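Undergrad: One structure follows; several queries about it will come next.
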Amino acid sequence: MSSRASAEQTIHRLRDEINHHNYLYYVMDAPEIPDSEYDRLLRELQSLETQHPELISADSPTQRVGAVPLDAFQQVKHEVPMLSLNNAMDAQEVEDFDRRIRDKLAADKIVYTAEPKLDGLAISLLYENGILVRGATRGDGSTGEDVSQNVRTIETIPLKLVGKNYPSRLEVRGEVIMSKSGFNRLNDQQRKNDDKTFANPRNAAAGSLRQLDSRITAGRPLEFYCYGVGKVSDSLADTHHGILQKLRQWGFRLNPEVRQVKGLQGCLDYYQQMMQKRDGLDYDIDGVVYKVDSLAEQDIMGFVSRAPRWAVAHKFPAQEEMTTLEGIEVQVGRTGKITPVAKLKPVFVGGVTVTNATLHNQDEIDRKDVRIGDTVIVRRAGDVIPEVVGPVLSKRTTKLNKFNILKTINNKCPVCGSHAVRLEGESDIRCTGGLFCEAQRKEAIKHFASRRAMDVDGLGDKLVEQLVDEGLIHDVADLYSLNKQQLAALDRMADKSAQNLLDALNNSKSTSLERFIFALGIRNVGETTARTLAYHFGDLDTLMKAKQEDLIEVADVGPVVAESITRFFTESHNRDVIKKLRKAGIHWPVIEVAAAETQKFSGKTFVITGTLSGMSRDEAKQRLLAQGAKVAGSVSKKTDYVVVGADPGSKADKAEALGVAMLDEAQFLKLLS
Ligand code: IVH
């Protein structure tokens, strides 16, 4: 055999093999080989075809990459018109549909095929002798556009039919869609490239399929599901369901939710099931379709104008509607986040009347360019909070002003009047009056009382909410002026527990500076930063007066944390609450901080392991911190010293292995003194 003949043989074998695996993967959902093996087969075919370009044919699985751009699409006349479906907007209209059919057929119960109504665009695919020869859009139903180059790039559309016994001429119809995940990926990519984004998966699918340059289509995550046939040279089956099974055998992907159902009740049950499933599917559906299953019965029913009498689309409530953006309200969340909320002219969407929708933050308002007075698209999918998708720019006929949150609220929290700021690098605007703001009250008090902060035993989240709701406390300092009578009057609060709580509050007054700083709930200041700050500054007043440049000196405090801290302490509302707390008797031991120049260990990292005989681990830690050291929990290459007490753990072994300097207690004391 010549080398050309043997190449030809291999090429055919590879194509069959690849088509077979495509079928297992896309249609049967049961791949037999890993993706890597599939890629290997495809590459082998590609390389053979490169060596023998004369053997390349249009149905080769390598031909999905797109071709030279067209100037315009050719028109395609559909031999059998592509019809549309009548809609049923509620169960009553489905009942009417079912009754008309039963009356006409003089039948008791009708068997239907029930299918999801996919939200993409209809396409016709023509196969001659098993080879895809043309793909066309629906157009106006009688004439569409030839998008053959583009449909070839869609992996779930077979270029060559699988198996045998297919009619010599077969026109398959179905929906081209884009999955929700594919749509999100595409939009992310478009944003990254500063290209325009798509409003929804349907638009993205339509835009992608109608590209004159099919190489662009090839890069878009399009998919195909078949749902029927057009012109066919032989009859295929007696039922619609039977046709779908045939199409599946020949390599088309059938939607996994397709069912045969019986009678009106079968249809309505299916509708409910799909309604439940809707949000969990990775593609949009806007309803379900019921089709009389028997082809003979379909024939009897016939058509009226441009839609069959034997099928109906039972629509879901729309998830997107248009309405007017009447205003933007600025709300403060329980953690101080300030969010813009769209005030809408009431609109029925996703099954409920919507008057509010989130606009997320300033960046989103800018990106979407929504302005008060705009006609906007509102989306409510499932139980998700309604959102404003964007303005309908063609409806913006008068000049509207851009919306700026900080300008609107005059840089002040709309709830408490504290400064509102947007920190460098963050997208949210926040109220800085964390200790004072009514919107943040409950969260601030819960955090303050929590175990790692002031550790007020017995003051849990529920009780905090109760105290605030009853108006007994307004800020964290009010905790310390509660009395037994007030507490005992609360629901489910016995005398004894009231006394216990008062004792716990009293005990919490004696604390440490690091706990107190952490308890204030300053944004970006966690336990570790609070401790570092405490040992760096030694007392609260110095910390409160510290400037941005002083704070940046502190280990691990960057400009954002520094700004958070200065913003917090410049807010006079917070300072007032701190004053109240100190008046209530909160105190902590003085920390002796060595002056920066005399700090022995600044920049050095210590780890303590085992038990020291002369002092507690905490004490050792505090003395190190006061000398500017960092005290870490685990040993690494960055550790400078490991202090090893009695019965050390694995940290000593690790230090030894890494060659980190180790100090016994005597050496440690000497170093400290
Ligand atoms: S059958 C003669 N089945 O809905 C019936 N259409 O309003 C022709 N569609 O243009 C259509 N899912 O784009 C049918 N399972 C489904 C469908 C479906 C979505 C679309 C299709 C068609 C439109 C009709």
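Letters A, B, ... go to the chains of the structure tokens in the order shown; residues in each chain start at 1; ligands are counted from 1 in the same order.
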Just the residues within 8 Å of range 140-146 of chain A, please, counting only C-alpha atoms, with nothing from its chain fewer than 3 positions along; format it as a CSV table (one decimal) with C-alpha atoms, in the first residue's frame.
TA:
chain,number,residue,atom,x,y,z
A,73,PHE,CA,-24.7,35.5,5.1
A,74,GLN,CA,-26.6,33.8,2.2
A,75,GLN,CA,-30.3,33.5,2.4
A,76,VAL,CA,-31.8,30.1,3.0
A,77,LYS,CA,-35.4,29.2,2.1
A,78,HIS,CA,-36.8,26.6,4.6
A,79,GLU,CA,-38.5,23.8,2.6
A,80,VAL,CA,-40.7,23.2,5.7
A,81,PRO,CA,-41.3,26.5,7.5
A,82,MET,CA,-39.9,26.8,11.0
A,83,LEU,CA,-42.9,27.5,13.0
A,84,SER,CA,-43.3,29.1,16.4
A,134,ARG,CA,-25.9,23.3,5.8
A,135,GLY,CA,-26.9,25.1,9.0
A,136,ALA,CA,-29.4,27.9,8.9
A,137,THR,CA,-31.1,30.3,11.4
Undergrad: List every residue of chain A that has an atom at most 10 Å from any atom of ligand 1, and for each one report the closest atom pair and its distance in Å to one decimal, counting only C-alpha atoms and all ligand atoms, with rows sorted by chain and then by increasing residue number, as a Markdown table.
TA:
| residue | atom | partner | partner_atom_place_in_ligand_line | distance |
| --- | --- | --- | --- | --- |
| A:Pro81 | CA | ligand 1 | 2 (C) | 9.0 |
| A:Met82 | CA | ligand 1 | 8 (C) | 6.5 |
| A:Leu83 | CA | ligand 1 | 2 (C) | 4.9 |
| A:Ser84 | CA | ligand 1 | 24 (C) | 3.8 |
| A:Leu85 | CA | ligand 1 | 7 (O) | 4.0 |
| A:Asn86 | CA | ligand 1 | 7 (O) | 6.8 |
| A:Asn87 | CA | ligand 1 | 7 (O) | 7.8 |
| A:Thr113 | CA | ligand 1 | 15 (N) | 9.4 |
| A:Ala114 | CA | ligand 1 | 15 (N) | 7.9 |
| A:Glu115 | CA | ligand 1 | 15 (N) | 5.0 |
| A:Pro116 | CA | ligand 1 | 15 (N) | 5.4 |
| A:Lys117 | CA | ligand 1 | 12 (N) | 3.5 |
| A:Leu118 | CA | ligand 1 | 12 (N) | 4.1 |
| A:Asp119 | CA | ligand 1 | 19 (C) | 5.9 |
| A:Gly120 | CA | ligand 1 | 13 (O) | 6.4 |
| A:Leu121 | CA | ligand 1 | 13 (O) | 4.7 |
| A:Ala122 | CA | ligand 1 | 13 (O) | 3.8 |
| A:Ile123 | CA | ligand 1 | 13 (O) | 7.5 |
| A:Thr137 | CA | ligand 1 | 10 (O) | 9.7 |
| A:Arg138 | CA | ligand 1 | 10 (O) | 7.1 |
| A:Gly139 | CA | ligand 1 | 10 (O) | 9.4 |
| A:Asp140 | CA | ligand 1 | 10 (O) | 9.8 |
| A:Gly141 | CA | ligand 1 | 10 (O) | 8.3 |
| A:Arg173 | CA | ligand 1 | 11 (C) | 8.2 |
| A:Gly174 | CA | ligand 1 | 18 (C) | 7.0 |
| A:Glu175 | CA | ligand 1 | 13 (O) | 5.8 |
| A:Val176 | CA | ligand 1 | 13 (O) | 8.4 |
| A:Ile177 | CA | ligand 1 | 19 (C) | 9.6 |
| A:Tyr225 | CA | ligand 1 | 15 (N) | 8.6 |
| A:Cys226 | CA | ligand 1 | 15 (N) | 8.0 |
| A:Tyr227 | CA | ligand 1 | 3 (N) | 5.3 |
| A:Gly228 | CA | ligand 1 | 1 (S) | 6.7 |
| A:Val229 | CA | ligand 1 | 8 (C) | 9.1 |
| A:Gly230 | CA | ligand 1 | 2 (C) | 9.3 |
| A:Leu254 | CA | ligand 1 | 15 (N) | 9.9 |
| A:Asn255 | CA | ligand 1 | 15 (N) | 8.6 |
| A:Val258 | CA | ligand 1 | 15 (N) | 8.4 |
| A:Ile285 | CA | ligand 1 | 12 (N) | 7.9 |
| A:Asp286 | CA | ligand 1 | 19 (C) | 8.3 |
| A:Gly287 | CA | ligand 1 | 12 (N) | 8.3 |
| A:Val288 | CA | ligand 1 | 15 (N) | 7.1 |
| A:Val289 | CA | ligand 1 | 15 (N) | 5.7 |
| A:Tyr290 | CA | ligand 1 | 15 (N) | 8.3 |
| A:Lys291 | CA | ligand 1 | 1 (S) | 8.1 |
| A:Phe303 | CA | ligand 1 | 2 (C) | 9.0 |
| A:Arg306 | CA | ligand 1 | 2 (C) | 8.7 |
| A:Ala307 | CA | ligand 1 | 2 (C) | 6.3 |
| A:Pro308 | CA | ligand 1 | 2 (C) | 5.7 |
| A:Arg309 | CA | ligand 1 | 2 (C) | 9.0 |
| A:Trp310 | CA | ligand 1 | 2 (C) | 8.5 |
| A:Ala311 | CA | ligand 1 | 5 (C) | 6.8 |
| A:Val312 | CA | ligand 1 | 5 (C) | 8.3 |
| A:Ala313 | CA | ligand 1 | 7 (O) | 7.1 |
Undergrad: Using C-alpha atoms, can you export the residues from the last selection as a JSON list (two decimals), in the first residue's frame?
TA:
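Below is the file out05.json, written as the result:
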[["chain", "number", "residue", "atom", "x", "y", "z"],
["A", 81, "PRO", "CA", -41.33, 26.50, 7.47],
["A", 82, "MET", "CA", -39.87, 26.85, 10.96],
["A", 83, "LEU", "CA", -42.93, 27.52, 13.05],
["A", 84, "SER", "CA", -43.33, 29.15, 16.38],
["A", 85, "LEU", "CA", -45.32, 27.96, 19.38],
["A", 86, "ASN", "CA", -48.45, 29.35, 20.94],
["A", 87, "ASN", "CA", -48.00, 30.32, 24.56],
["A", 113, "THR", "CA", -43.78, 14.69, 25.11],
["A", 114, "ALA", "CA", -42.81, 17.35, 27.63],
["A", 115, "GLU", "CA", -39.59, 19.28, 27.06],
["A", 116, "PRO", "CA", -37.86, 22.29, 28.55],
["A", 117, "LYS", "CA", -38.27, 25.41, 26.46],
["A", 118, "LEU", "CA", -34.65, 26.32, 25.93],
["A", 119, "ASP", "CA", -33.83, 30.01, 25.82],
["A", 120, "GLY", "CA", -31.51, 30.19, 22.84],
["A", 121, "LEU", "CA", -32.13, 30.35, 19.13],
["A", 122, "ALA", "CA", -33.64, 27.86, 16.73],
["A", 123, "ILE", "CA", -31.44, 26.33, 14.06],
["A", 137, "THR", "CA", -31.07, 30.26, 11.38],
["A", 138, "ARG", "CA", -34.83, 30.41, 11.67],
["A", 139, "GLY", "CA", -35.05, 33.99, 10.41],
["A", 140, "ASP", "CA", -38.69, 34.88, 9.85],
["A", 141, "GLY", "CA", -39.65, 31.22, 9.71],
["A", 173, "ARG", "CA", -34.01, 21.22, 14.29],
["A", 174, "GLY", "CA", -33.11, 22.35, 17.72],
["A", 175, "GLU", "CA", -31.81, 25.13, 19.88],
["A", 176, "VAL", "CA", -28.35, 26.65, 20.06],
["A", 177, "ILE", "CA", -27.72, 27.85, 23.60],
["A", 225, "TYR", "CA", -29.96, 20.34, 21.79],
["A", 226, "CYS", "CA", -32.22, 18.80, 19.15],
["A", 227, "TYR", "CA", -36.02, 18.90, 19.52],
["A", 228, "GLY", "CA", -37.46, 17.88, 16.18],
["A", 229, "VAL", "CA", -37.05, 17.48, 12.44],
["A", 230, "GLY", "CA", -37.93, 19.47, 9.33],
["A", 254, "LEU", "CA", -31.18, 15.22, 23.57],
["A", 255, "ASN", "CA", -32.01, 17.31, 26.59],
["A", 258, "VAL", "CA", -37.34, 15.36, 28.10],
["A", 285, "ILE", "CA", -35.23, 27.90, 30.20],
["A", 286, "ASP", "CA", -38.24, 30.15, 29.89],
["A", 287, "GLY", "CA", -40.93, 27.49, 30.16],
["A", 288, "VAL", "CA", -41.78, 23.98, 29.07],
["A", 289, "VAL", "CA", -43.25, 22.67, 25.82],
["A", 290, "TYR", "CA", -45.95, 20.01, 25.53],
["A", 291, "LYS", "CA", -46.20, 18.21, 22.18],
["A", 303, "PHE", "CA", -51.71, 24.10, 12.18],
["A", 306, "ARG", "CA", -47.73, 29.97, 12.03],
["A", 307, "ALA", "CA", -48.04, 27.57, 14.97],
["A", 308, "PRO", "CA", -49.04, 23.94, 15.41],
["A", 309, "ARG", "CA", -52.30, 23.12, 17.20],
["A", 310, "TRP", "CA", -50.62, 20.04, 18.68],
["A", 311, "ALA", "CA", -48.04, 21.88, 20.79],
["A", 312, "VAL", "CA", -47.95, 24.69, 23.30],
["A", 313, "ALA", "CA", -45.28, 26.52, 25.29]]
Undergrad: Write out as an MDAnalysis selection string each polymer residue whose atoms come within 7 Å of Pro31 in chain A, counting only C-alpha atoms; drop sequence neighbours fewer than 5 positions from it.
TA: chainID A and resid 21 24:25
Undergrad: Hey, can you spit out that residue selection with C-alpha atoms as a PDB file, in the first residue's frame?
TA:
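Wrote it out as part.pdb, contents follow:
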ATOM      1  CA  HIS A  21     -15.921   9.314  21.467  1.00  0.00           C
ATOM      2  CA  LEU A  24     -20.153   8.901  24.050  1.00  0.00           C
ATOM      3  CA  TYR A  25     -19.149  12.190  25.599  1.00  0.00           C
TER       4      TYR A  25
END
Undergrad: When you look at range 588-600 of chain A with a cut-off of 9 Å (counting only C-alpha atoms), what residues show up, excluding the ones that are within fewer than 6 positions of it in the same chain? I need them as number ranges by chain.
TA: A: 509-513, 516, 534-539, 622-629, 672
Undergrad: Name the closest residue to Ser450 in chain A among the candidates A:Phe518, A:Ser3, A:Gly302, A:His573; distances are taken between atoms, counting only C-alpha atoms.
TA: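 Comparing A:Phe518, A:Ser3, A:Gly302, A:His573 against Ser450 in chain A, the winner is A:Phe518.
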Undergrad: Mind the document's chain letters and residue numbers, and return as a list of chain:residue names the residues of range 201-302 of chain A that DSSP labels strand (DSSP E).
TA: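 The strand (DSSP E) residues within range 201-302 of chain A come out as A:Leu222, A:Glu223, A:Phe224, A:Tyr225, A:Cys226, A:Tyr227, A:Gly228, A:Val229, A:Gly230, A:Lys231, A:Val232, A:Arg259, A:Gln260, A:Val261, A:Lys262, A:Ile285, A:Asp286, A:Gly287, A:Val288, A:Val289, A:Tyr290, A:Lys291, A:Val292.
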Undergrad: Residues of the last selection are to be written out with N, CA, C and O atoms, as a tab-separated table (two decimals), in the first residue's frame.
TA:
chain	number	residue	atom	x	y	z
A	222	LEU	N	-20.74	27.56	22.75
A	222	LEU	CA	-22.09	27.26	22.28
A	222	LEU	C	-22.39	25.76	22.38
A	222	LEU	O	-21.48	24.95	22.28
A	223	GLU	N	-23.67	25.46	22.56
A	223	GLU	CA	-24.10	24.06	22.64
A	223	GLU	C	-25.38	23.88	21.84
A	223	GLU	O	-26.09	24.85	21.57
A	224	PHE	N	-25.69	22.64	21.53
A	224	PHE	CA	-26.89	22.37	20.74
A	224	PHE	C	-27.69	21.23	21.36
A	224	PHE	O	-27.13	20.23	21.79
A	225	TYR	N	-29.03	21.42	21.43
A	225	TYR	CA	-29.96	20.34	21.79
A	225	TYR	C	-30.98	20.21	20.67
A	225	TYR	O	-31.54	21.21	20.23
A	226	CYS	N	-31.23	18.98	20.22
A	226	CYS	CA	-32.22	18.80	19.15
A	226	CYS	C	-33.60	18.68	19.77
A	226	CYS	O	-33.76	18.21	20.90
A	227	TYR	N	-34.66	19.12	19.03
A	227	TYR	CA	-36.02	18.90	19.52
A	227	TYR	C	-37.01	18.55	18.41
A	227	TYR	O	-38.22	18.55	18.64
A	228	GLY	N	-36.52	18.26	17.23
A	228	GLY	CA	-37.46	17.88	16.18
A	228	GLY	C	-36.79	17.78	14.82
A	228	GLY	O	-35.57	17.90	14.71
A	229	VAL	N	-37.60	17.57	13.79
A	229	VAL	CA	-37.05	17.48	12.44
A	229	VAL	C	-37.85	18.38	11.51
A	229	VAL	O	-38.98	18.78	11.81
A	230	GLY	N	-37.23	18.72	10.37
A	230	GLY	CA	-37.93	19.47	9.33
A	230	GLY	C	-38.16	18.51	8.18
A	230	GLY	O	-38.82	17.48	8.35
A	231	LYS	N	-37.55	18.83	7.03
A	231	LYS	CA	-37.72	17.98	5.84
A	231	LYS	C	-36.94	16.67	6.02
A	231	LYS	O	-35.75	16.69	6.35
A	232	VAL	N	-37.64	15.55	5.82
A	232	VAL	CA	-36.98	14.25	5.95
A	232	VAL	C	-37.37	13.39	4.76
A	232	VAL	O	-38.54	13.38	4.35
A	259	ARG	N	-39.40	14.19	28.76
A	259	ARG	CA	-40.19	13.09	29.32
A	259	ARG	C	-41.43	12.85	28.47
A	259	ARG	O	-41.92	13.77	27.83
A	260	GLN	N	-41.94	11.60	28.57
A	260	GLN	CA	-43.29	11.36	28.06
A	260	GLN	C	-44.22	11.50	29.24
A	260	GLN	O	-43.96	10.92	30.29
A	261	VAL	N	-45.31	12.26	29.09
A	261	VAL	CA	-46.25	12.43	30.21
A	261	VAL	C	-47.66	12.14	29.74
A	261	VAL	O	-47.94	12.20	28.54
A	262	LYS	N	-48.55	11.85	30.71
A	262	LYS	CA	-49.92	11.50	30.34
A	262	LYS	C	-50.91	12.56	30.81
A	262	LYS	O	-50.94	12.91	31.99
A	285	ILE	N	-34.02	28.36	30.89
A	285	ILE	CA	-35.23	27.90	30.20
A	285	ILE	C	-36.33	28.89	30.55
A	285	ILE	O	-36.35	29.43	31.65
A	286	ASP	N	-37.20	29.16	29.58
A	286	ASP	CA	-38.24	30.15	29.89
A	286	ASP	C	-39.62	29.52	29.97
A	286	ASP	O	-40.62	30.21	29.97
A	287	GLY	N	-39.66	28.19	30.02
A	287	GLY	CA	-40.93	27.49	30.16
A	287	GLY	C	-40.74	26.04	29.78
A	287	GLY	O	-39.60	25.56	29.70
A	288	VAL	N	-41.87	25.35	29.57
A	288	VAL	CA	-41.78	23.98	29.07
A	288	VAL	C	-42.68	23.88	27.84
A	288	VAL	O	-43.55	24.74	27.63
A	289	VAL	N	-42.45	22.86	27.03
A	289	VAL	CA	-43.25	22.67	25.82
A	289	VAL	C	-43.94	21.31	25.90
A	289	VAL	O	-43.30	20.33	26.27
A	290	TYR	N	-45.24	21.29	25.62
A	290	TYR	CA	-45.95	20.01	25.53
A	290	TYR	C	-46.26	19.76	24.07
A	290	TYR	O	-46.79	20.65	23.39
A	291	LYS	N	-45.94	18.55	23.59
A	291	LYS	CA	-46.20	18.21	22.18
A	291	LYS	C	-46.99	16.90	22.15
A	291	LYS	O	-46.59	15.94	22.81
A	292	VAL	N	-48.10	16.88	21.41
A	292	VAL	CA	-48.84	15.62	21.23
A	292	VAL	C	-47.84	14.61	20.68
A	292	VAL	O	-47.12	14.90	19.72
Undergrad: Please provide as a list in words all residues within 8 Å of range 34-42 of chain A, with the sequence filter that same-chain residues fewer than 2 positions apart are discarded (counting only C-alpha atoms).
TA: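 What passes the distance filter is Leu14, Ile18, His21, Pro31, Glu32, Glu44, Leu45, Gln46, Pro61 and Thr62 of chain A.
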Undergrad: Taking only C-alpha atoms into account, name the residue in A:Val354, A:Leu170, A:Cys431, A:Val370 that is nearest to Gly327 in chain A.
TA: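 Checking each candidate against Gly327 in chain A, we get A:Val370 as the closest.
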Undergrad: Just the residues within 8 Å of Leu520 in chain A, please, counting only C-alpha atoms, with nothing from its chain fewer than 2 positions along; format it as a PDB file with N, CA, C and O atoms, in the first residue's frame.
TA:
ATOM      1  N   LEU A 435     -18.642  51.909  66.463  1.00  0.00           N
ATOM      2  CA  LEU A 435     -19.053  51.765  67.860  1.00  0.00           C
ATOM      3  C   LEU A 435     -20.362  52.487  68.154  1.00  0.00           C
ATOM      4  O   LEU A 435     -20.956  52.325  69.197  1.00  0.00           O
ATOM      5  N   ALA A 444     -21.647  45.112  66.508  1.00  0.00           N
ATOM      6  CA  ALA A 444     -20.533  45.681  67.267  1.00  0.00           C
ATOM      7  C   ALA A 444     -20.548  45.156  68.702  1.00  0.00           C
ATOM      8  O   ALA A 444     -19.505  44.795  69.263  1.00  0.00           O
ATOM      9  N   PHE A 448     -17.805  42.778  70.560  1.00  0.00           N
ATOM     10  CA  PHE A 448     -17.182  43.312  71.771  1.00  0.00           C
ATOM     11  C   PHE A 448     -17.232  42.294  72.910  1.00  0.00           C
ATOM     12  O   PHE A 448     -16.252  42.083  73.627  1.00  0.00           O
ATOM     13  N   PHE A 516      -8.736  44.748  74.302  1.00  0.00           N
ATOM     14  CA  PHE A 516      -9.568  45.930  74.177  1.00  0.00           C
ATOM     15  C   PHE A 516      -9.513  46.476  72.745  1.00  0.00           C
ATOM     16  O   PHE A 516     -10.542  46.787  72.146  1.00  0.00           O
ATOM     17  N   ILE A 517      -8.315  46.538  72.191  1.00  0.00           N
ATOM     18  CA  ILE A 517      -8.187  47.050  70.805  1.00  0.00           C
ATOM     19  C   ILE A 517      -8.952  46.154  69.845  1.00  0.00           C
ATOM     20  O   ILE A 517      -9.693  46.622  68.985  1.00  0.00           O
ATOM     21  N   PHE A 518      -8.798  44.832  70.043  1.00  0.00           N
ATOM     22  CA  PHE A 518      -9.517  43.895  69.178  1.00  0.00           C
ATOM     23  C   PHE A 518     -11.024  44.083  69.327  1.00  0.00           C
ATOM     24  O   PHE A 518     -11.773  44.081  68.348  1.00  0.00           O
ATOM     25  N   ILE A 522     -12.368  47.446  64.885  1.00  0.00           N
ATOM     26  CA  ILE A 522     -11.853  48.301  63.807  1.00  0.00           C
ATOM     27  C   ILE A 522     -11.676  47.432  62.567  1.00  0.00           C
ATOM     28  O   ILE A 522     -11.123  46.333  62.657  1.00  0.00           O
TER      29      ILE A 522
END
